[in-house]
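A quick write-up on the structure given underneath.
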Amino acid sequence: MTAMLIDNGNITKFLDSVARDRLLVAPVREEDNVVMFRHVTGGEPVCLDYLNASVSPREMFFPATEKMFAFSTADGGLQPAEPAKGKRVLFGARPCDVKAILSIDPVFSGDFPDPLYLDKREKTTIVALACTNPSHRCFCATFGVDPAGAEGADLLLTQLESCYLAEAITPKGNDLLEAYRQFFSTASGGHAAEKNRLAGAAAQKVNKLDTGGIKELLDENFELPYWEELALKCLNCGICTYICPTCHCFNIMDFTRGGTGGVRCRTWDSCMFMNFTRMAGGHNPRPTRKERLRNRFMHKLKYHLDRYNLPGCVGCGRCAGACPANIDIRQIIKELREVAQNGR
Amino acid sequence: MIAIEAELKKAAADLLSSGEAQMVLGFGPGSEATRTTPVFITGAGDTEKLVFNPFCVNNLVKYLIDLKDYPGKIAICVKGCDSRAVNRLLQDKQVDRNKVFILGLPCPGLLDPEKAEAVIDPSARLLTAEMEKDGVKITTDRGNYSLPAGFFMDKCRRCAGRNPVVYDRLVGQPLRENETGDDFADVKNIEELPPEEKNAYWDRQFSRCLRCYACRNVCPACSCRECVFDRAEPGWVARASNLSNNTAFHLVRAFHVAGRCVDCGECQRVCPVHIPVGILNRKILMDIKQMYDEPTPGISPDRTPVLGGFHTGDPDEFM
C-alpha cells in the first residue's frame with residue numbers, strides 16, 4: 001500500500017477539505033485539560049499534540065444516546081432511524097483506541113448484527129495517529145497493542161520531524177489518500193526509517209505488565225476476598241465505564257412527550273450503577289458494590305477473552321488516571337497476580 | 001504535612017489496639033506519587049499504611065454514609081474542608097456521633113495531582129512536603145521539586161478553613177488561617193459575562209457531560225437512598241445524554257444540595273471531563289452568604305441549615 005508525506009502546514013488544509021466532503025470527527029481541545037473527539041466542519045483547530053482524548057472515540061460508532069426508531073400511535077407505524085449519511089472519517093484515534101474498536105466489533109456483529117453500529121462502521125475510514133511519546137500511564141503493550149501500530153486502522157499517520165508519514169493500510173485508507181492527493185507528497189526510504197525508529201522508541205517506552213496467571217485465577221475463582229476490599233473505596237460512579245474505549249453496555253428506553261408517539265433510544269449504561277442489573281420485580285443479582293466492581297474487572301480480564309478471545313482492555317490508562325478513588329487497573333493486575341501466586 | 005504522619009499512625013494504632021475504634025478510615029499510598037487512595041484499616045499493625053501528604057484529595061466523609069451500618073466505631077481522617085461535611089451529616093442524623101472518632105488534620109493546601117504528575121516522577125516515594133512562601137517544596141527518593149502556588153488546587157488557594165471545625169483529636173498543630181479568604185472570583189468571573197456568553201459557556205460545559213454521576217456519588221450532601229436521576233418511573237430527567245437533559249441534571253443537582261453543600265470541591269475534582277460543577281454550588285453559596293449572612297454549611301454542628309429553618313414571625317404570608 002502507499003506511503004505518502006503530508007507537511008504540518010497541510011494537515012489543516014487536508015482536514016478542512018475532508019470536512020467539506022465527509023463527516024469528520026477529530027480531536028479538539030475544548031479546555032486546557034480536555035480533548036474530545038468532535039464533529040468538525042472545517043476551520044476549527046484540530047488538536048494533534050495530545051496524549052489521548054479524555055473520552056474514547058467509540059462514540060463515533062456507539063453514541064452515548066442514539067435513536068433506534070420513532071413510533072406513533074396515530075399512524076400506528078414504526079419509523080426506523082435513518083442510516084448514516086455518506087462517508088465518514090475518524091481522524092486521530094490512537095492505536096489503543098483503534099484496537100478497542102476491533103475488540104467491540106464482534107459484540108455488534110455476532111448472531112444479531114447491529115445495523116446502527118455496523119452501518120457507521122462500514123462508512124467510516126479510520127485514520128490512526130501513532131503514539132510516538134506514550135504517557136507514563138500507557139500500558140497498551142500488555143494487551144498486544146503496538147503504540148505506533150496500525151492494527152484496525154485504514155490509514156496510519158506518524159509525526160516525523162517536520163511532517164507526517166501517511167501509510168495506507170487498507171483500500172479504504174488508500175482511497176482517502178488518493179482522494180486528497182494534492183495535500184500529500186512522496187515519501188522516501190529515509191522517512192520510513194525515521195518512522196521505524198520512532199515506533200521502536202515508543203514500543204520501548206510503553207509499559208508492559210505481566211498478566212500471567214490472572215485469567216486462570218479468575219476462571220477458577222468467582223469469589224475472592226480481594227474484591228470486597230477493593231469495593232470499599234469504589235464510589236460506583238460511571239467514570240471508568242464511560243471513558244473506556246472497550247466498554248459497550250447500553251440501556252434501551254422510550255422517550256415520549258404526550259401520548260401519541262415517541263422515540264426509542266439506546267443510551268450508554270454502566271455495570272457500576274445499582275440499577276444496571278435490577279430486574280422488574282426488584283431483584284438485583286449484583287446487589288452491592290462488590291459484585292458490580294468485580295463484574296467490570298472480570299469483564300476486562302476474563303469474560304471478553306472467554307467470549308471473543310479478544311482483550312477487554314487495551315491499556316489506554318484512562319480509568320487509572322480518572323478514578324476518584326485511585327482504583328487503578330494496573331495495580332489490580334499486579335495484585336491479582338500476587339493473589340494467584342500466594343493464594344491470598 | 002508529611003511531618004505529622006508519624007503522629008497520625010501512632011494515634012490510629014492506639015485507637016485500634018485500645019478498642020476505642022474498630023476501623024480507621026484514612027489515606028493510603030496511591031498507585032502513583034501524586035495519588036493517594038482511601039484505606040479502611042482494621043488491624044493496628046496496618047496503620048503504617050496511612051499517609052498524609054498534599055495529594056490526600058479525597059473527602060472521606062462520603063464513606064461514612066456507606067458505612068452507616070458498620071457495627072463498630074470508625075475513626076475518620078478529615079481535613080478542614082472535609083470536617084464541615086461531618087457536621088452536616090451529624091445535623092441530618094445520617095451519622096451517629098457516638099460511632100465516629102474524628103482525627104482532625106490541619107491542612108496547608110493540596111496539590112492538583114494532574115498538574116503535579118507532569119513534574120513529579122510517578123514512581124517516586126514522597127519524603128517531605130514543606131510549605132514555602134509561594135508554593136511547596138517536595139522531596140522524594142527520586143528528586144526534589146519546588147512547585148509554585150499555581151500547582152495548588154484552586155479550592156486550596158482560596159481556602160479559609162484549613163483547620164478542622166470538629167474533631168476528637170487534632171493531629172499536629174493548628175495552622176494560621178489564610179487572611180484573604182474566599183473572594184468567589186471563579187463565580188464572579190462567570191457571573192459578569194453577558195447573558196449570551198454565560199449561556200454559551202455553560203452550554204459548552206454541559207454538552208460534555210457524560211452523565212457518569214461521579215459528581216453526585218462523591219458528594220457528601222448526596223445521601224438519598226434512591227436518587228431522582230436513577231428513577232425510571234417516573235423518569236423526571238431522561239437518561240438520554242443531550243444538552244437539555246444534562247443542563248437539567250446539573251441545575252437540579254446544584255439546587256438539591258443548596259444550603260447543604262459544604263464547598264469541599266469534590267464534585268469538581270472528580271469530573272472526568274473537567275466541567276466546573278463546583279461553580280454552580282458556589283454561586284448558591286455566595287448568595288447564601290450575601291443574602292442571609294450565613295456561613296458555609298457545616299461550620300458548626302448546631303446551626304440550622306439555611307434552607308431548613310424558619311421564623312414564626314416571618315412577614316411572608318405563607319407562614
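So you can find residues: chains in the C-alpha cells are A, B, ... in the order shown, residues in each start at 1, and ligands are numbered from 1 in order.
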
Problem set entry | At most 7 Å to chain B: residues in chain A, only C-alpha atoms, as an MDAnalysis selection string | chainID A and resid 34 54 64:65 233 235 237:239 242 267 322 324:326 328 331

For this session: Write down as JSON, numbers by chain the residues of region 149-287 of chain B whose backbone DSSP state falls under alpha helix (DSSP H).
Result: {"B": [154, 155, 156, 157, 185, 186, 187, 188, 189, 190, 191, 195, 196, 197, 198, 199, 200, 201, 202, 203, 204, 205, 206, 207, 214, 215, 216, 217, 243, 244, 245, 246, 247, 248, 249, 250, 251, 252, 253, 254, 255, 256, 266, 267, 268, 269, 270, 278, 279, 280, 281, 282, 283, 284, 285, 286, 287]}

Could those selected residues go to a file with C-alpha atoms, as a PDB file, in the first residue's frame?
ATOM      1  CA  ASP B 154      -7.931  26.101  43.158  1.00  0.00           C
ATOM      2  CA  LYS B 155     -10.082  25.449  46.219  1.00  0.00           C
ATOM      3  CA  CYS B 156      -6.997  25.439  48.427  1.00  0.00           C
ATOM      4  CA  ARG B 157      -5.762  28.780  47.138  1.00  0.00           C
ATOM      5  CA  ALA B 185     -13.629  35.108  41.904  1.00  0.00           C
ATOM      6  CA  ASP B 186     -14.452  31.896  39.989  1.00  0.00           C
ATOM      7  CA  VAL B 187     -18.177  32.609  40.364  1.00  0.00           C
ATOM      8  CA  LYS B 188     -17.916  36.322  39.669  1.00  0.00           C
ATOM      9  CA  ASN B 189     -15.858  35.795  36.523  1.00  0.00           C
ATOM     10  CA  ILE B 190     -18.745  33.904  35.012  1.00  0.00           C
ATOM     11  CA  GLU B 191     -21.482  35.991  36.567  1.00  0.00           C
ATOM     12  CA  PRO B 195     -26.025  36.550  29.218  1.00  0.00           C
ATOM     13  CA  GLU B 196     -25.270  35.136  25.753  1.00  0.00           C
ATOM     14  CA  GLU B 197     -21.659  34.394  26.667  1.00  0.00           C
ATOM     15  CA  LYS B 198     -22.639  32.928  30.006  1.00  0.00           C
ATOM     16  CA  ASN B 199     -25.138  30.728  28.254  1.00  0.00           C
ATOM     17  CA  ALA B 200     -22.575  29.647  25.662  1.00  0.00           C
ATOM     18  CA  TYR B 201     -20.085  28.892  28.432  1.00  0.00           C
ATOM     19  CA  TRP B 202     -22.419  26.550  30.293  1.00  0.00           C
ATOM     20  CA  ASP B 203     -23.742  25.010  27.089  1.00  0.00           C
ATOM     21  CA  ARG B 204     -20.192  24.070  26.168  1.00  0.00           C
ATOM     22  CA  GLN B 205     -19.590  22.599  29.617  1.00  0.00           C
ATOM     23  CA  PHE B 206     -22.861  20.684  29.895  1.00  0.00           C
ATOM     24  CA  SER B 207     -22.594  19.340  26.333  1.00  0.00           C
ATOM     25  CA  ALA B 214     -19.369  10.897  39.714  1.00  0.00           C
ATOM     26  CA  CYS B 215     -20.144  14.428  40.977  1.00  0.00           C
ATOM     27  CA  ARG B 216     -23.197  13.034  42.725  1.00  0.00           C
ATOM     28  CA  ASN B 217     -21.624   9.844  44.014  1.00  0.00           C
ATOM     29  CA  LEU B 243     -27.639  19.392  26.317  1.00  0.00           C
ATOM     30  CA  SER B 244     -31.178  19.829  27.598  1.00  0.00           C
ATOM     31  CA  ASN B 245     -31.167  16.803  29.909  1.00  0.00           C
ATOM     32  CA  ASN B 246     -27.597  17.416  31.035  1.00  0.00           C
ATOM     33  CA  THR B 247     -28.435  21.003  31.925  1.00  0.00           C
ATOM     34  CA  ALA B 248     -31.451  19.813  33.893  1.00  0.00           C
ATOM     35  CA  PHE B 249     -29.262  17.298  35.702  1.00  0.00           C
ATOM     36  CA  HIS B 250     -26.666  19.857  36.733  1.00  0.00           C
ATOM     37  CA  LEU B 251     -29.111  22.521  37.812  1.00  0.00           C
ATOM     38  CA  VAL B 252     -31.271  20.094  39.790  1.00  0.00           C
ATOM     39  CA  ARG B 253     -28.149  18.697  41.432  1.00  0.00           C
ATOM     40  CA  ALA B 254     -26.905  22.135  42.420  1.00  0.00           C
ATOM     41  CA  PHE B 255     -30.259  23.252  43.809  1.00  0.00           C
ATOM     42  CA  HIS B 256     -30.771  19.981  45.624  1.00  0.00           C
ATOM     43  CA  GLU B 266     -15.078  17.043  45.402  1.00  0.00           C
ATOM     44  CA  CYS B 267     -17.672  17.272  42.596  1.00  0.00           C
ATOM     45  CA  GLN B 268     -15.364  19.433  40.552  1.00  0.00           C
ATOM     46  CA  ARG B 269     -12.281  17.377  41.305  1.00  0.00           C
ATOM     47  CA  VAL B 270     -13.732  14.092  40.096  1.00  0.00           C
ATOM     48  CA  GLY B 278     -18.456  23.383  41.818  1.00  0.00           C
ATOM     49  CA  ILE B 279     -19.054  26.870  40.463  1.00  0.00           C
ATOM     50  CA  LEU B 280     -22.798  26.177  40.405  1.00  0.00           C
ATOM     51  CA  ASN B 281     -22.736  25.218  44.057  1.00  0.00           C
ATOM     52  CA  ARG B 282     -20.515  28.147  44.894  1.00  0.00           C
ATOM     53  CA  LYS B 283     -22.852  30.596  43.192  1.00  0.00           C
ATOM     54  CA  ILE B 284     -25.585  29.449  45.579  1.00  0.00           C
ATOM     55  CA  LEU B 285     -23.149  29.528  48.490  1.00  0.00           C
ATOM     56  CA  MET B 286     -22.134  33.079  47.625  1.00  0.00           C
ATOM     57  CA  ASP B 287     -25.784  34.143  47.507  1.00  0.00           C
TER      58      ASP B 287
END

For this session: Among the residues of region 116-293 of chain B, find those DSSP assigns to strand (DSSP E) from the backbone and print them as a PyMOL selection string.
Result: chain B and resi 126-132+135-140+143-148+169-170

For this session: Might you pull out every residue within 10 Å of Leu177 (chain A), with only C-alpha atoms counted and same-chain residues fewer than 4 positions away left off, and present them as a PyMOL selection string?
Result: chain A and resi 2-4+155+166-168+171-173+181-184

Store the residues picked out above, limited to all heavy atoms, as a JSON list (two decimals), in the first residue's frame.
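Output file selection-v4.json follows:
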[["chain", "number", "residue", "atom", "x", "y", "z"],
["A", 2, "THR", "N", 0.26, 2.35, -0.30],
["A", 2, "THR", "CA", 1.00, 3.59, -0.50],
["A", 2, "THR", "C", 1.46, 4.22, 0.82],
["A", 2, "THR", "O", 0.76, 4.17, 1.81],
["A", 2, "THR", "CB", 0.10, 4.63, -1.19],
["A", 2, "THR", "OG1", -0.91, 3.94, -1.89],
["A", 2, "THR", "CG2", 0.88, 5.55, -2.10],
["A", 3, "ALA", "N", 2.62, 4.83, 0.80],
["A", 3, "ALA", "CA", 3.05, 5.68, 1.91],
["A", 3, "ALA", "C", 3.36, 7.05, 1.34],
["A", 3, "ALA", "O", 4.04, 7.16, 0.31],
["A", 3, "ALA", "CB", 4.28, 5.10, 2.59],
["A", 4, "MET", "N", 2.80, 8.09, 1.95],
["A", 4, "MET", "CA", 2.99, 9.45, 1.45],
["A", 4, "MET", "C", 3.37, 10.35, 2.62],
["A", 4, "MET", "O", 3.32, 9.95, 3.78],
["A", 4, "MET", "CB", 1.67, 9.98, 0.84],
["A", 4, "MET", "CG", 1.04, 9.11, -0.22],
["A", 4, "MET", "SD", 1.83, 9.28, -1.82],
["A", 4, "MET", "CE", 1.17, 10.82, -2.38],
["A", 155, "LEU", "N", -5.72, 4.07, 7.73],
["A", 155, "LEU", "CA", -4.59, 4.91, 7.37],
["A", 155, "LEU", "C", -3.86, 5.22, 8.67],
["A", 155, "LEU", "O", -4.49, 5.49, 9.69],
["A", 155, "LEU", "CB", -5.13, 6.21, 6.74],
["A", 155, "LEU", "CG", -4.15, 7.21, 6.14],
["A", 155, "LEU", "CD1", -3.51, 6.66, 4.87],
["A", 155, "LEU", "CD2", -4.88, 8.52, 5.79],
["A", 166, "ALA", "N", 2.14, 9.21, 6.09],
["A", 166, "ALA", "CA", 0.80, 8.63, 6.00],
["A", 166, "ALA", "C", 0.90, 7.30, 5.28],
["A", 166, "ALA", "O", 1.29, 7.25, 4.11],
["A", 166, "ALA", "CB", -0.14, 9.58, 5.26],
["A", 167, "GLU", "N", 0.57, 6.23, 5.97],
["A", 167, "GLU", "CA", 0.65, 4.91, 5.36],
["A", 167, "GLU", "C", -0.75, 4.33, 5.20],
["A", 167, "GLU", "O", -1.46, 4.15, 6.20],
["A", 167, "GLU", "CB", 1.48, 3.97, 6.24],
["A", 167, "GLU", "CG", 2.93, 4.38, 6.36],
["A", 167, "GLU", "CD", 3.62, 3.66, 7.51],
["A", 167, "GLU", "OE1", 3.50, 4.12, 8.66],
["A", 167, "GLU", "OE2", 4.27, 2.62, 7.25],
["A", 168, "ALA", "N", -1.11, 4.04, 3.97],
["A", 168, "ALA", "CA", -2.42, 3.41, 3.74],
["A", 168, "ALA", "C", -2.31, 1.95, 4.12],
["A", 168, "ALA", "O", -1.38, 1.26, 3.71],
["A", 168, "ALA", "CB", -2.81, 3.57, 2.28],
["A", 171, "PRO", "N", -7.65, -0.71, 1.57],
["A", 171, "PRO", "CA", -8.13, 0.00, 0.38],
["A", 171, "PRO", "C", -8.87, 1.29, 0.75],
["A", 171, "PRO", "O", -8.73, 2.30, 0.06],
["A", 171, "PRO", "CB", -9.07, -1.01, -0.28],
["A", 171, "PRO", "CG", -8.58, -2.34, 0.16],
["A", 171, "PRO", "CD", -8.05, -2.14, 1.55],
["A", 172, "LYS", "N", -9.62, 1.27, 1.85],
["A", 172, "LYS", "CA", -10.32, 2.48, 2.30],
["A", 172, "LYS", "C", -9.33, 3.61, 2.57],
["A", 172, "LYS", "O", -9.55, 4.76, 2.19],
["A", 172, "LYS", "CB", -11.05, 2.19, 3.61],
["A", 172, "LYS", "CG", -12.53, 1.96, 3.54],
["A", 172, "LYS", "CD", -12.99, 1.89, 5.00],
["A", 172, "LYS", "CE", -14.39, 1.40, 5.16],
["A", 172, "LYS", "NZ", -14.72, 1.21, 6.59],
["A", 173, "GLY", "N", -8.25, 3.26, 3.24],
["A", 173, "GLY", "CA", -7.22, 4.24, 3.55],
["A", 173, "GLY", "C", -6.55, 4.75, 2.28],
["A", 173, "GLY", "O", -6.26, 5.94, 2.14],
["A", 181, "ARG", "N", -4.98, 13.66, -2.74],
["A", 181, "ARG", "CA", -3.58, 13.52, -3.11],
["A", 181, "ARG", "C", -2.84, 14.85, -3.18],
["A", 181, "ARG", "O", -1.64, 14.92, -2.92],
["A", 181, "ARG", "CB", -3.52, 12.81, -4.48],
["A", 181, "ARG", "CG", -2.31, 11.96, -4.61],
["A", 181, "ARG", "CD", -2.12, 11.44, -6.02],
["A", 181, "ARG", "NE", -0.74, 11.02, -6.12],
["A", 181, "ARG", "CZ", -0.33, 9.82, -5.76],
["A", 181, "ARG", "NH1", -1.19, 8.93, -5.32],
["A", 181, "ARG", "NH2", 0.95, 9.51, -5.84],
["A", 182, "GLN", "N", -3.60, 15.93, -3.49],
["A", 182, "GLN", "CA", -2.94, 17.22, -3.66],
["A", 182, "GLN", "C", -2.24, 17.72, -2.39],
["A", 182, "GLN", "O", -1.36, 18.56, -2.46],
["A", 182, "GLN", "CB", -3.94, 18.28, -4.18],
["A", 182, "GLN", "CG", -5.01, 18.72, -3.20],
["A", 182, "GLN", "CD", -6.31, 17.92, -3.32],
["A", 182, "GLN", "OE1", -6.29, 16.72, -3.62],
["A", 182, "GLN", "NE2", -7.44, 18.57, -3.08],
["A", 183, "PHE", "N", -2.63, 17.18, -1.23],
["A", 183, "PHE", "CA", -2.01, 17.64, 0.02],
["A", 183, "PHE", "C", -0.79, 16.79, 0.39],
["A", 183, "PHE", "O", -0.11, 17.07, 1.37],
["A", 183, "PHE", "CB", -3.02, 17.59, 1.17],
["A", 183, "PHE", "CG", -4.23, 18.43, 0.91],
["A", 183, "PHE", "CD1", -5.46, 17.85, 0.62],
["A", 183, "PHE", "CD2", -4.14, 19.83, 0.90],
["A", 183, "PHE", "CE1", -6.58, 18.63, 0.37],
["A", 183, "PHE", "CE2", -5.25, 20.61, 0.65],
["A", 183, "PHE", "CZ", -6.47, 20.01, 0.37],
["A", 184, "PHE", "N", -0.56, 15.73, -0.36],
["A", 184, "PHE", "CA", 0.49, 14.77, 0.01],
["A", 184, "PHE", "C", 1.63, 14.80, -1.00],
["A", 184, "PHE", "O", 1.45, 15.18, -2.15],
["A", 184, "PHE", "CB", -0.10, 13.36, 0.09],
["A", 184, "PHE", "CG", -1.10, 13.19, 1.21],
["A", 184, "PHE", "CD1", -2.43, 13.53, 1.02],
["A", 184, "PHE", "CD2", -0.69, 12.71, 2.45],
["A", 184, "PHE", "CE1", -3.35, 13.38, 2.05],
["A", 184, "PHE", "CE2", -1.61, 12.56, 3.48],
["A", 184, "PHE", "CZ", -2.94, 12.89, 3.28]]

Problem set entry | Nearby residues (only C-alpha atoms) at most 12 Å from Leu217 (chain A), same-chain spacing under 2 positions excluded, as an MDAnalysis selection string | chainID A and resid 211:215 219:224 298 301:302 333 335:344

Filtering to N, CA and C atoms, could you give me those residues as a PDB file, in the first residue's frame?
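Output contents, as saved in part_23.pdb:
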ATOM      1  N   THR A 211       0.470 -10.295  32.852  1.00  0.00           N
ATOM      2  CA  THR A 211      -0.876 -10.723  33.255  1.00  0.00           C
ATOM      3  C   THR A 211      -0.930 -12.239  33.440  1.00  0.00           C
ATOM      4  N   GLY A 212       0.211 -12.868  33.415  1.00  0.00           N
ATOM      5  CA  GLY A 212       0.277 -14.326  33.518  1.00  0.00           C
ATOM      6  C   GLY A 212      -0.422 -14.845  34.771  1.00  0.00           C
ATOM      7  N   GLY A 213      -1.296 -15.807  34.581  1.00  0.00           N
ATOM      8  CA  GLY A 213      -1.959 -16.438  35.730  1.00  0.00           C
ATOM      9  C   GLY A 213      -3.276 -15.788  36.138  1.00  0.00           C
ATOM     10  N   ILE A 214      -3.532 -14.570  35.662  1.00  0.00           N
ATOM     11  CA  ILE A 214      -4.738 -13.866  36.110  1.00  0.00           C
ATOM     12  C   ILE A 214      -6.002 -14.514  35.540  1.00  0.00           C
ATOM     13  N   LYS A 215      -5.959 -14.783  34.249  1.00  0.00           N
ATOM     14  CA  LYS A 215      -7.131 -15.394  33.616  1.00  0.00           C
ATOM     15  C   LYS A 215      -7.454 -16.722  34.300  1.00  0.00           C
ATOM     16  N   ASP A 219     -10.769 -17.678  36.229  1.00  0.00           N
ATOM     17  CA  ASP A 219     -11.551 -18.820  35.743  1.00  0.00           C
ATOM     18  C   ASP A 219     -11.992 -19.706  36.907  1.00  0.00           C
ATOM     19  N   GLU A 220     -11.097 -19.845  37.862  1.00  0.00           N
ATOM     20  CA  GLU A 220     -11.345 -20.772  38.973  1.00  0.00           C
ATOM     21  C   GLU A 220     -12.048 -20.111  40.150  1.00  0.00           C
ATOM     22  N   ASN A 221     -11.914 -18.781  40.266  1.00  0.00           N
ATOM     23  CA  ASN A 221     -12.398 -18.107  41.474  1.00  0.00           C
ATOM     24  C   ASN A 221     -13.329 -16.953  41.158  1.00  0.00           C
ATOM     25  N   PHE A 222     -14.611 -17.209  41.328  1.00  0.00           N
ATOM     26  CA  PHE A 222     -15.571 -16.117  41.175  1.00  0.00           C
ATOM     27  C   PHE A 222     -15.559 -15.275  42.450  1.00  0.00           C
ATOM     28  N   GLU A 223     -15.455 -15.944  43.576  1.00  0.00           N
ATOM     29  CA  GLU A 223     -15.408 -15.243  44.858  1.00  0.00           C
ATOM     30  C   GLU A 223     -13.957 -15.062  45.282  1.00  0.00           C
ATOM     31  N   LEU A 224     -13.570 -13.832  45.512  1.00  0.00           N
ATOM     32  CA  LEU A 224     -12.246 -13.559  46.077  1.00  0.00           C
ATOM     33  C   LEU A 224     -12.423 -12.455  47.116  1.00  0.00           C
ATOM     34  N   MET A 298     -13.700  -8.418  35.891  1.00  0.00           N
ATOM     35  CA  MET A 298     -13.827  -9.745  35.293  1.00  0.00           C
ATOM     36  C   MET A 298     -14.081  -9.606  33.789  1.00  0.00           C
ATOM     37  N   LEU A 301     -10.732  -8.661  32.146  1.00  0.00           N
ATOM     38  CA  LEU A 301      -9.624  -9.615  32.214  1.00  0.00           C
ATOM     39  C   LEU A 301     -10.029 -11.064  31.952  1.00  0.00           C
ATOM     40  N   LYS A 302     -11.323 -11.320  31.862  1.00  0.00           N
ATOM     41  CA  LYS A 302     -11.758 -12.709  31.630  1.00  0.00           C
ATOM     42  C   LYS A 302     -12.902 -12.838  30.613  1.00  0.00           C
ATOM     43  N   ILE A 333      -4.068  -5.581  38.294  1.00  0.00           N
ATOM     44  CA  ILE A 333      -3.360  -6.650  37.580  1.00  0.00           C
ATOM     45  C   ILE A 333      -2.204  -7.174  38.435  1.00  0.00           C
ATOM     46  N   GLU A 335      -1.873  -6.892  41.710  1.00  0.00           N
ATOM     47  CA  GLU A 335      -2.337  -7.532  42.944  1.00  0.00           C
ATOM     48  C   GLU A 335      -3.018  -8.883  42.673  1.00  0.00           C
ATOM     49  N   LEU A 336      -3.726  -8.983  41.539  1.00  0.00           N
ATOM     50  CA  LEU A 336      -4.335 -10.279  41.220  1.00  0.00           C
ATOM     51  C   LEU A 336      -3.255 -11.328  40.960  1.00  0.00           C
ATOM     52  N   ARG A 337      -2.155 -10.874  40.411  1.00  0.00           N
ATOM     53  CA  ARG A 337      -1.044 -11.810  40.206  1.00  0.00           C
ATOM     54  C   ARG A 337      -0.487 -12.291  41.544  1.00  0.00           C
ATOM     55  N   GLU A 338      -0.442 -11.356  42.499  1.00  0.00           N
ATOM     56  CA  GLU A 338       0.018 -11.755  43.836  1.00  0.00           C
ATOM     57  C   GLU A 338      -0.967 -12.742  44.461  1.00  0.00           C
ATOM     58  N   VAL A 339      -2.271 -12.452  44.270  1.00  0.00           N
ATOM     59  CA  VAL A 339      -3.289 -13.372  44.796  1.00  0.00           C
ATOM     60  C   VAL A 339      -3.115 -14.742  44.138  1.00  0.00           C
ATOM     61  N   ALA A 340      -2.870 -14.736  42.827  1.00  0.00           N
ATOM     62  CA  ALA A 340      -2.714 -16.002  42.106  1.00  0.00           C
ATOM     63  C   ALA A 340      -1.507 -16.779  42.629  1.00  0.00           C
ATOM     64  N   GLN A 341      -0.454 -16.043  42.957  1.00  0.00           N
ATOM     65  CA  GLN A 341       0.770 -16.715  43.391  1.00  0.00           C
ATOM     66  C   GLN A 341       0.734 -17.133  44.856  1.00  0.00           C
ATOM     67  N   ASN A 342       0.163 -16.234  45.691  1.00  0.00           N
ATOM     68  CA  ASN A 342       0.200 -16.501  47.133  1.00  0.00           C
ATOM     69  C   ASN A 342      -1.106 -17.062  47.657  1.00  0.00           C
ATOM     70  N   GLY A 343      -2.099 -17.104  46.785  1.00  0.00           N
ATOM     71  CA  GLY A 343      -3.394 -17.635  47.206  1.00  0.00           C
ATOM     72  C   GLY A 343      -4.068 -16.812  48.283  1.00  0.00           C
ATOM     73  N   ARG A 344      -3.774 -15.519  48.324  1.00  0.00           N
ATOM     74  CA  ARG A 344      -4.415 -14.690  49.345  1.00  0.00           C
ATOM     75  C   ARG A 344      -5.707 -14.096  48.797  1.00  0.00           C
TER      76      ARG A 344
END

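Taking CA of Ala192 (chain A) and CA of Glu151 (chain A) as endpoints, the distance between them is 17.6 Å.
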
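Comparing B:Ile138, B:Ala149, B:Val165, B:Leu170 by their smallest distance to Val262 (chain B), the closest is B:Val165 (using only C-alpha atoms).
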
For this session: Fewer than 3 positions away in the same chain doesn't count, so skip those; otherwise give me all residues within 7 Å of Ala85 (chain B), counting only C-alpha atoms, as an MDAnalysis selection string.
Result: chainID B and resid 61 82 88:89 220 262 298

For this session: Skip Leu48 (chain A) itself and residues of its chain fewer than 4 positions away, then list as an MDAnalysis selection string all residues within 10 Å of it, counting only C-alpha atoms.
Result: chainID A and resid 11 26:29 35 52 91:92 129 159

Problem set entry | Within 7 Å of Ser270 (chain A) using only C-alpha atoms, minus same-chain residues under 6 positions, as a ChimeraX atom specification | /A:238,241,249,276

Give me a file of those residues, with N, CA and C atoms, as a PDB file, in the first residue's frame.
ATOM      1  N   GLY A 238     -19.850   6.174  37.157  1.00  0.00           N
ATOM      2  CA  GLY A 238     -19.656   5.516  35.866  1.00  0.00           C
ATOM      3  C   GLY A 238     -18.426   5.997  35.113  1.00  0.00           C
ATOM      4  N   THR A 241     -16.333   3.307  33.177  1.00  0.00           N
ATOM      5  CA  THR A 241     -17.020   2.649  32.072  1.00  0.00           C
ATOM      6  C   THR A 241     -17.326   3.607  30.925  1.00  0.00           C
ATOM      7  N   CYS A 249     -21.778  -1.363  27.200  1.00  0.00           N
ATOM      8  CA  CYS A 249     -23.118  -1.693  27.693  1.00  0.00           C
ATOM      9  C   CYS A 249     -24.085  -0.557  27.415  1.00  0.00           C
ATOM     10  N   PHE A 276     -28.350  -1.152  37.097  1.00  0.00           N
ATOM     11  CA  PHE A 276     -27.941  -1.798  35.837  1.00  0.00           C
ATOM     12  C   PHE A 276     -28.511  -3.209  35.717  1.00  0.00           C
TER      13      PHE A 276
END

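Of the residues under consideration (A:Ala128, A:Cys247, A:Leu118, A:Val55), A:Cys247 shows the shortest atom-to-atom contact distance to His304 (chain A) when counting only C-alpha atoms.
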
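Among the candidates B:Phe55, B:Asp168, B:Arg158, B:Ala116, the one nearest to Glu20 (chain B) when counting only C-alpha atoms is B:Asp168.
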
Exercise. Which one is closest to Leu116 (chain A): A:Asp146, A:Asp154, A:Glu66, A:Asp210? Count only C-alpha atoms.
Worked result: A:Glu66

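Ranking A:Phe14, A:Phe61, A:Phe112, A:Phe71 by their shortest atom-to-atom distance to Cys265 (chain A), with only C-alpha atoms included, puts A:Phe71 first.
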